[in-house]
file data.cif (mmCIF, N, CA and C atoms)
data_input
#
loop_
_atom_site.label_atom_id
_atom_site.label_comp_id
_atom_site.auth_asym_id
_atom_site.auth_seq_id
_atom_site.Cartn_x
_atom_site.Cartn_y
_atom_site.Cartn_z
N MET A 1 109.94 76.79 71.14
CA MET A 1 111.25 76.31 71.55
C MET A 1 111.99 75.82 70.31
N SER A 2 113.25 76.20 70.16
CA SER A 2 114.00 75.80 68.98
C SER A 2 114.57 74.40 69.14
N LYS A 3 114.75 73.75 68.01
CA LYS A 3 115.33 72.40 68.03
C LYS A 3 116.84 72.51 68.16
N SER A 4 117.43 71.45 68.65
CA SER A 4 118.89 71.41 68.69
C SER A 4 119.34 70.17 67.95
N MET A 5 120.59 70.23 67.48
CA MET A 5 121.16 69.11 66.73
C MET A 5 122.46 68.71 67.39
N SER A 6 122.74 67.43 67.34
CA SER A 6 124.00 66.92 67.87
C SER A 6 125.11 67.18 66.86
N VAL A 7 126.24 67.70 67.34
CA VAL A 7 127.40 67.96 66.50
C VAL A 7 128.60 67.32 67.19
N THR A 8 129.39 66.60 66.44
CA THR A 8 130.57 65.94 66.99
C THR A 8 131.81 66.59 66.40
N PHE A 9 132.80 66.85 67.24
CA PHE A 9 134.06 67.41 66.75
C PHE A 9 135.18 66.98 67.68
N ARG A 10 136.41 67.20 67.24
CA ARG A 10 137.58 66.84 68.03
C ARG A 10 138.23 68.11 68.58
N VAL A 11 138.84 67.96 69.75
CA VAL A 11 139.57 69.05 70.40
C VAL A 11 141.02 68.61 70.52
N PRO A 12 141.97 69.46 70.15
CA PRO A 12 143.38 69.08 70.30
C PRO A 12 143.69 68.71 71.75
N ALA A 13 144.52 67.72 71.92
CA ALA A 13 144.83 67.19 73.26
C ALA A 13 145.32 68.28 74.21
N GLU A 14 146.09 69.25 73.69
CA GLU A 14 146.61 70.28 74.59
C GLU A 14 145.54 71.25 75.08
N LEU A 15 144.35 71.22 74.47
CA LEU A 15 143.27 72.11 74.91
C LEU A 15 142.25 71.42 75.82
N VAL A 16 142.30 70.11 75.91
CA VAL A 16 141.29 69.39 76.69
C VAL A 16 141.29 69.81 78.15
N GLY A 17 142.45 69.89 78.76
CA GLY A 17 142.52 70.28 80.17
C GLY A 17 142.00 71.69 80.40
N ALA A 18 142.40 72.62 79.54
CA ALA A 18 141.94 74.00 79.67
C ALA A 18 140.43 74.09 79.44
N PHE A 19 139.94 73.32 78.48
CA PHE A 19 138.50 73.30 78.20
C PHE A 19 137.73 72.79 79.42
N ASN A 20 138.16 71.66 79.96
CA ASN A 20 137.48 71.10 81.13
C ASN A 20 137.55 72.05 82.32
N TYR A 21 138.69 72.71 82.50
CA TYR A 21 138.84 73.67 83.59
C TYR A 21 137.86 74.84 83.41
N ALA A 22 137.78 75.36 82.18
CA ALA A 22 136.89 76.50 81.91
C ALA A 22 135.43 76.11 82.14
N VAL A 23 135.05 74.90 81.72
CA VAL A 23 133.68 74.44 81.93
C VAL A 23 133.39 74.34 83.44
N ASN A 24 134.31 73.75 84.18
CA ASN A 24 134.12 73.63 85.64
C ASN A 24 134.02 74.99 86.31
N GLU A 25 134.86 75.93 85.89
CA GLU A 25 134.85 77.27 86.48
C GLU A 25 133.56 78.02 86.16
N SER A 26 132.96 77.71 85.00
CA SER A 26 131.75 78.43 84.60
C SER A 26 130.53 77.98 85.38
N GLY A 27 130.59 76.78 85.96
CA GLY A 27 129.45 76.26 86.70
C GLY A 27 128.34 75.75 85.81
N THR A 28 128.64 75.55 84.53
CA THR A 28 127.65 75.02 83.60
C THR A 28 128.13 73.68 83.08
N ASP A 29 127.37 73.12 82.15
CA ASP A 29 127.80 71.88 81.51
C ASP A 29 128.53 72.21 80.20
N LYS A 30 129.12 71.19 79.58
CA LYS A 30 129.90 71.40 78.36
C LYS A 30 129.06 71.96 77.23
N THR A 31 127.84 71.48 77.08
CA THR A 31 126.98 71.95 76.00
C THR A 31 126.68 73.44 76.17
N THR A 32 126.28 73.83 77.35
CA THR A 32 125.97 75.24 77.61
C THR A 32 127.18 76.11 77.36
N TRP A 33 128.34 75.67 77.84
CA TRP A 33 129.58 76.42 77.68
C TRP A 33 129.91 76.59 76.20
N LEU A 34 129.82 75.49 75.44
CA LEU A 34 130.15 75.54 74.00
C LEU A 34 129.17 76.40 73.23
N VAL A 35 127.88 76.30 73.53
CA VAL A 35 126.89 77.11 72.83
C VAL A 35 127.17 78.59 73.09
N GLU A 36 127.50 78.94 74.33
CA GLU A 36 127.83 80.32 74.65
C GLU A 36 129.07 80.77 73.89
N ALA A 37 130.08 79.92 73.81
CA ALA A 37 131.32 80.26 73.10
C ALA A 37 131.04 80.47 71.60
N VAL A 38 130.21 79.61 71.02
CA VAL A 38 129.87 79.73 69.60
C VAL A 38 129.10 81.03 69.37
N ARG A 39 128.13 81.32 70.25
CA ARG A 39 127.36 82.56 70.12
C ARG A 39 128.28 83.78 70.19
N GLN A 40 129.22 83.76 71.13
CA GLN A 40 130.17 84.87 71.26
C GLN A 40 130.99 85.03 70.00
N LYS A 41 131.52 83.94 69.49
CA LYS A 41 132.38 83.99 68.30
C LYS A 41 131.60 84.49 67.09
N LEU A 42 130.33 84.14 67.02
CA LEU A 42 129.50 84.55 65.88
C LEU A 42 128.80 85.89 66.12
N ASN A 43 129.09 86.51 67.26
CA ASN A 43 128.45 87.78 67.63
C ASN A 43 126.93 87.68 67.62
N GLN A 44 126.42 86.56 68.15
CA GLN A 44 124.98 86.35 68.26
C GLN A 44 124.62 86.24 69.73
N PRO A 45 124.14 87.33 70.32
CA PRO A 45 123.83 87.28 71.74
C PRO A 45 122.71 86.29 72.04
N ASP A 46 122.74 85.79 73.24
CA ASP A 46 121.70 84.87 73.69
C ASP A 46 120.37 85.59 73.68
N SER A 47 119.33 84.93 73.20
CA SER A 47 118.01 85.57 73.13
C SER A 47 117.32 85.56 74.49
N ASN A 48 117.88 84.87 75.47
CA ASN A 48 117.30 84.80 76.80
C ASN A 48 117.70 86.06 77.59
N PRO A 49 116.74 86.93 77.92
CA PRO A 49 117.09 88.17 78.63
C PRO A 49 117.77 87.92 79.97
N ASP A 50 117.37 86.88 80.70
CA ASP A 50 118.01 86.59 81.99
C ASP A 50 119.48 86.26 81.81
N SER A 51 119.78 85.49 80.78
CA SER A 51 121.16 85.12 80.51
C SER A 51 121.98 86.33 80.13
N ARG A 52 121.43 87.20 79.31
CA ARG A 52 122.14 88.42 78.89
C ARG A 52 122.38 89.33 80.09
N LEU A 53 121.39 89.44 80.96
CA LEU A 53 121.53 90.27 82.15
C LEU A 53 122.61 89.71 83.08
N LEU A 54 122.62 88.39 83.24
CA LEU A 54 123.64 87.76 84.08
C LEU A 54 125.04 88.01 83.51
N ALA A 55 125.19 87.90 82.20
CA ALA A 55 126.49 88.15 81.57
C ALA A 55 126.91 89.61 81.78
N LEU A 56 125.97 90.52 81.69
CA LEU A 56 126.28 91.94 81.91
C LEU A 56 126.69 92.19 83.35
N VAL A 57 125.98 91.59 84.29
CA VAL A 57 126.32 91.75 85.71
C VAL A 57 127.72 91.20 85.97
N GLU A 58 128.06 90.04 85.38
CA GLU A 58 129.39 89.46 85.57
C GLU A 58 130.47 90.39 85.03
N ARG A 59 130.23 90.98 83.86
CA ARG A 59 131.21 91.91 83.29
C ARG A 59 131.37 93.14 84.17
N MET A 60 130.26 93.63 84.71
CA MET A 60 130.32 94.80 85.60
C MET A 60 131.07 94.47 86.89
N GLU A 61 130.83 93.27 87.44
CA GLU A 61 131.53 92.87 88.65
C GLU A 61 133.04 92.76 88.40
N THR A 62 133.41 92.21 87.25
CA THR A 62 134.82 92.09 86.90
C THR A 62 135.46 93.47 86.78
N ALA A 63 134.77 94.39 86.11
CA ALA A 63 135.30 95.74 85.95
C ALA A 63 135.40 96.44 87.30
N ALA A 64 134.39 96.28 88.16
CA ALA A 64 134.42 96.91 89.48
C ALA A 64 135.57 96.36 90.32
N ALA A 65 135.78 95.04 90.27
CA ALA A 65 136.87 94.43 91.03
C ALA A 65 138.22 94.95 90.54
N ALA A 66 138.35 95.11 89.24
CA ALA A 66 139.61 95.62 88.69
C ALA A 66 139.83 97.06 89.11
N LEU A 67 138.76 97.86 89.13
CA LEU A 67 138.89 99.25 89.53
C LEU A 67 139.24 99.39 91.01
N VAL A 68 138.67 98.52 91.84
CA VAL A 68 138.99 98.54 93.27
C VAL A 68 140.45 98.19 93.47
N GLY A 69 140.94 97.23 92.68
CA GLY A 69 142.32 96.78 92.81
C GLY A 69 143.31 97.69 92.12
N GLY A 70 142.87 98.66 91.37
CA GLY A 70 143.78 99.54 90.64
C GLY A 70 143.28 99.73 89.23
N LYS A 71 144.15 99.53 88.27
CA LYS A 71 143.81 99.74 86.87
C LYS A 71 142.97 98.58 86.35
N GLN A 72 142.06 98.90 85.44
CA GLN A 72 141.22 97.85 84.86
C GLN A 72 142.09 96.90 84.05
N GLY A 73 141.86 95.62 84.21
CA GLY A 73 142.63 94.60 83.51
C GLY A 73 143.87 94.15 84.26
N ILE A 74 144.20 94.82 85.35
CA ILE A 74 145.35 94.44 86.16
C ILE A 74 144.82 93.69 87.39
N PRO A 75 145.35 92.50 87.65
CA PRO A 75 144.91 91.77 88.84
C PRO A 75 145.11 92.61 90.10
N PRO A 76 144.25 92.43 91.10
CA PRO A 76 144.30 93.30 92.28
C PRO A 76 145.42 93.00 93.27
N ARG A 77 145.91 91.76 93.31
CA ARG A 77 146.91 91.41 94.32
C ARG A 77 148.32 91.63 93.80
N PRO A 78 149.19 92.17 94.64
CA PRO A 78 150.59 92.33 94.22
C PRO A 78 151.27 90.96 94.10
N TYR A 79 152.39 90.98 93.40
CA TYR A 79 153.17 89.76 93.19
C TYR A 79 153.49 89.09 94.52
N ASN A 80 153.25 87.78 94.58
CA ASN A 80 153.55 86.97 95.76
C ASN A 80 154.21 85.70 95.24
N GLU A 81 155.53 85.63 95.37
CA GLU A 81 156.27 84.54 94.75
C GLU A 81 155.79 83.16 95.20
N ALA A 82 155.52 82.98 96.47
CA ALA A 82 155.08 81.67 96.97
C ALA A 82 153.74 81.28 96.35
N ALA A 83 152.81 82.23 96.27
CA ALA A 83 151.50 81.93 95.69
C ALA A 83 151.62 81.65 94.19
N VAL A 84 152.44 82.45 93.50
CA VAL A 84 152.64 82.26 92.06
C VAL A 84 153.27 80.90 91.80
N LEU A 85 154.30 80.54 92.56
CA LEU A 85 154.95 79.24 92.38
C LEU A 85 153.97 78.10 92.61
N LYS A 86 153.10 78.23 93.59
CA LYS A 86 152.11 77.17 93.87
C LYS A 86 151.14 77.01 92.71
N ILE A 87 150.64 78.12 92.17
CA ILE A 87 149.71 78.06 91.03
C ILE A 87 150.40 77.44 89.82
N VAL A 88 151.63 77.85 89.56
CA VAL A 88 152.39 77.31 88.42
C VAL A 88 152.60 75.80 88.62
N ALA A 89 153.05 75.40 89.81
CA ALA A 89 153.32 73.99 90.08
C ALA A 89 152.04 73.16 89.98
N ASP A 90 150.93 73.66 90.53
CA ASP A 90 149.66 72.93 90.45
C ASP A 90 149.21 72.74 89.01
N THR A 91 149.39 73.77 88.21
CA THR A 91 148.99 73.70 86.80
C THR A 91 149.86 72.70 86.04
N ILE A 92 151.17 72.73 86.29
CA ILE A 92 152.08 71.79 85.63
C ILE A 92 151.77 70.37 86.07
N ARG A 93 151.45 70.18 87.36
CA ARG A 93 151.08 68.85 87.86
C ARG A 93 149.87 68.28 87.11
N GLU A 94 148.97 69.16 86.68
CA GLU A 94 147.79 68.74 85.92
C GLU A 94 148.15 68.39 84.47
N GLY A 95 149.41 68.55 84.12
CA GLY A 95 149.84 68.25 82.76
C GLY A 95 149.64 69.43 81.81
N LEU A 96 149.46 70.62 82.36
CA LEU A 96 149.20 71.80 81.54
C LEU A 96 150.39 72.76 81.62
N ASP A 97 151.53 72.34 81.09
CA ASP A 97 152.72 73.18 81.08
C ASP A 97 152.66 74.08 79.85
N ASN A 98 151.71 75.02 79.89
CA ASN A 98 151.44 75.90 78.76
C ASN A 98 151.41 77.33 79.29
N GLY A 99 152.25 78.19 78.74
CA GLY A 99 152.38 79.56 79.24
C GLY A 99 151.08 80.34 79.22
N ARG A 100 150.27 80.16 78.19
CA ARG A 100 149.01 80.89 78.10
C ARG A 100 148.05 80.47 79.21
N ILE A 101 147.96 79.17 79.42
CA ILE A 101 147.05 78.65 80.46
C ILE A 101 147.53 79.08 81.84
N ILE A 102 148.84 78.98 82.08
CA ILE A 102 149.38 79.37 83.38
C ILE A 102 149.16 80.86 83.62
N ALA A 103 149.39 81.69 82.60
CA ALA A 103 149.16 83.14 82.74
C ALA A 103 147.69 83.42 83.07
N GLU A 104 146.77 82.72 82.41
CA GLU A 104 145.34 82.90 82.71
C GLU A 104 145.03 82.54 84.15
N ARG A 105 145.60 81.44 84.61
CA ARG A 105 145.34 81.01 85.99
C ARG A 105 145.91 82.00 87.00
N LEU A 106 147.08 82.56 86.71
CA LEU A 106 147.67 83.55 87.61
C LEU A 106 146.80 84.81 87.65
N ASN A 107 146.32 85.24 86.50
CA ASN A 107 145.43 86.40 86.45
C ASN A 107 144.11 86.10 87.16
N ASP A 108 143.56 84.90 86.92
CA ASP A 108 142.30 84.52 87.57
C ASP A 108 142.43 84.49 89.09
N ALA A 109 143.63 84.10 89.56
CA ALA A 109 143.87 84.07 91.00
C ALA A 109 144.10 85.49 91.54
N GLY A 110 144.28 86.45 90.63
CA GLY A 110 144.38 87.84 91.04
C GLY A 110 145.79 88.35 91.32
N TYR A 111 146.83 87.63 90.86
CA TYR A 111 148.20 88.04 91.15
C TYR A 111 148.82 88.80 89.99
N GLN A 112 149.43 89.93 90.32
CA GLN A 112 150.15 90.74 89.34
C GLN A 112 151.54 90.15 89.12
N THR A 113 152.19 90.62 88.07
CA THR A 113 153.60 90.28 87.85
C THR A 113 154.44 91.13 88.81
N LYS A 114 155.75 90.91 88.80
CA LYS A 114 156.65 91.72 89.64
C LYS A 114 156.56 93.20 89.28
N MET A 115 156.23 93.49 88.02
CA MET A 115 156.14 94.86 87.54
C MET A 115 154.73 95.44 87.68
N GLY A 116 153.84 94.70 88.35
CA GLY A 116 152.49 95.21 88.58
C GLY A 116 151.58 95.15 87.38
N LYS A 117 151.82 94.19 86.48
CA LYS A 117 151.01 94.05 85.28
C LYS A 117 150.23 92.73 85.32
N ALA A 118 149.36 92.57 84.34
CA ALA A 118 148.67 91.29 84.16
C ALA A 118 149.64 90.32 83.48
N TRP A 119 149.47 89.04 83.77
CA TRP A 119 150.33 88.02 83.16
C TRP A 119 149.87 87.75 81.73
N ASP A 120 150.83 87.43 80.87
CA ASP A 120 150.54 86.86 79.56
C ASP A 120 151.62 85.81 79.31
N LYS A 121 151.48 85.08 78.21
CA LYS A 121 152.41 83.96 77.98
C LYS A 121 153.86 84.43 77.86
N ASP A 122 154.08 85.61 77.29
CA ASP A 122 155.44 86.11 77.12
C ASP A 122 156.06 86.52 78.46
N ILE A 123 155.27 87.19 79.30
CA ILE A 123 155.76 87.59 80.61
C ILE A 123 156.05 86.35 81.45
N TYR A 124 155.14 85.35 81.36
CA TYR A 124 155.36 84.10 82.10
C TYR A 124 156.65 83.43 81.64
N SER A 125 156.86 83.36 80.32
CA SER A 125 158.07 82.71 79.78
C SER A 125 159.34 83.43 80.26
N ALA A 126 159.32 84.75 80.25
CA ALA A 126 160.48 85.51 80.73
C ALA A 126 160.70 85.27 82.22
N TRP A 127 159.62 85.24 83.00
CA TRP A 127 159.72 84.98 84.44
C TRP A 127 160.31 83.60 84.69
N LYS A 128 159.85 82.61 83.92
CA LYS A 128 160.31 81.23 84.10
C LYS A 128 161.79 81.07 83.75
N ARG A 129 162.29 81.89 82.80
CA ARG A 129 163.69 81.80 82.38
C ARG A 129 164.65 82.45 83.37
N GLN A 130 164.14 83.19 84.35
CA GLN A 130 165.02 83.85 85.31
C GLN A 130 165.81 82.81 86.09
N ALA A 131 167.01 83.18 86.46
CA ALA A 131 167.90 82.28 87.20
C ALA A 131 167.22 81.76 88.47
N GLY A 132 167.20 80.47 88.61
CA GLY A 132 166.68 79.84 89.81
C GLY A 132 165.18 79.55 89.81
N THR A 133 164.45 80.13 88.88
CA THR A 133 162.99 79.95 88.88
C THR A 133 162.61 78.50 88.59
N ALA A 134 163.25 77.89 87.62
CA ALA A 134 162.93 76.49 87.30
C ALA A 134 163.16 75.58 88.51
N GLU A 135 164.23 75.85 89.25
CA GLU A 135 164.52 75.05 90.43
C GLU A 135 163.45 75.27 91.52
N LYS A 136 163.01 76.51 91.66
CA LYS A 136 161.97 76.83 92.64
C LYS A 136 160.67 76.09 92.29
N ILE A 137 160.31 76.12 91.00
CA ILE A 137 159.10 75.41 90.56
C ILE A 137 159.23 73.93 90.84
N ALA A 138 160.40 73.37 90.47
CA ALA A 138 160.63 71.93 90.69
C ALA A 138 160.55 71.59 92.19
N GLY A 139 161.03 72.50 93.04
CA GLY A 139 160.96 72.28 94.48
C GLY A 139 159.54 72.25 94.99
N VAL A 140 158.67 73.07 94.41
CA VAL A 140 157.26 73.09 94.84
C VAL A 140 156.53 71.86 94.30
N ILE A 141 156.87 71.45 93.07
CA ILE A 141 156.24 70.27 92.48
C ILE A 141 156.60 69.03 93.29
N GLY A 142 157.85 68.99 93.74
CA GLY A 142 158.28 67.89 94.60
C GLY A 142 158.82 66.74 93.92
#

call {"tool": "encode", "arguments": {"input": "data.cif", "output": "structure tokens"}}
result
Amino acid sequence: MSKSMSVTFRVPAELVGAFNYAVNESGTDKTTWLVEAVRQKLNQPDSNPDSRLLALVERMETAAAALVGGKQGIPPRPYNEAAVLKIVADTIREGLDNGRIIAERLNDAGYQTKMGKAWDKDIYSAWKRQAGTAEKIAGVIG
């Protein structure tokens, strides 16, 4: 069994919410999540065969879900303004008014853009700038 060492570092305030959300969504603890992220960044796969197999199965499930829904990388559900507004409002309520994070959450929820594409920060920003959208978001936030 290999030894482990304690490492302390700081995370920018704007990433804390997204980090905590990602850890919660992964179903693991912060240490496990961070070790996996470091291994990925360093291109060092986990030496545990069960863990590698689980990661492969998850990737295959994601690809299969995308293929069932249409093109790979495109969320399966068509644009639904009420659902999109709710996700955006919930994210902003959490203090995460960040286009990248909101786009990730919209994609994770499976909603396409109006044009049938995956969300990204630029598409989200353009959508938010449309006439009346800010008022709609504010109405959902309350």

call {"tool": "resolve_selection", "arguments": {"input": "data.cif", "expression": "the PyMOL selection byres (((chain A and resi 78-91 and name CA) around 8) and name CA)", "output": "ChimeraX atom specification"}}
result
/A:75-77,92-97,102,105-106,111-114,116,136-138,140-141

call {"tool": "atom_distance", "arguments": {"input": "data.cif", "atom1": "CA of Val38 (chain A)", "atom2": "CA of Met60 (chain A)"}}
result
22.0 Å

call {"tool": "atom_distance", "arguments": {"input": "data.cif", "atom1": "atom N of Phe19 (chain A)", "atom2": "atom C of Asp122 (chain A)"}}
result
20.8 Å

call {"tool": "atom_distance", "arguments": {"input": "data.cif", "atom1": "CA of Ala126 (chain A)", "atom2": "CA of Ala103 (chain A)"}}
result
11.7 Å

call {"tool": "select_by_dssp", "arguments": {"input": "data.cif", "residues": "chain A", "states": "alpha helix (DSSP H)", "output": "ChimeraX atom specification"}}
result
/A:13-26,30-41,49-69,81-93,99-108,121-129,133-141

call {"tool": "closest_residue", "arguments": {"input": "data.cif", "among": "A:Glu135, A:Ile101, A:Ala37, A:Thr28", "to": "Asp120 (chain A)", "atoms": "all atoms listed in the file"}}
result
A:Ile101

call {"tool": "resolve_selection", "arguments": {"input": "data.cif", "expression": "the PyMOL selection byres (((chain A and resi 35 and name CA) around 12) and name CA)", "output": "PyMOL selection string"}}
result
chain A and resi 4-7+23+28-34+36-46
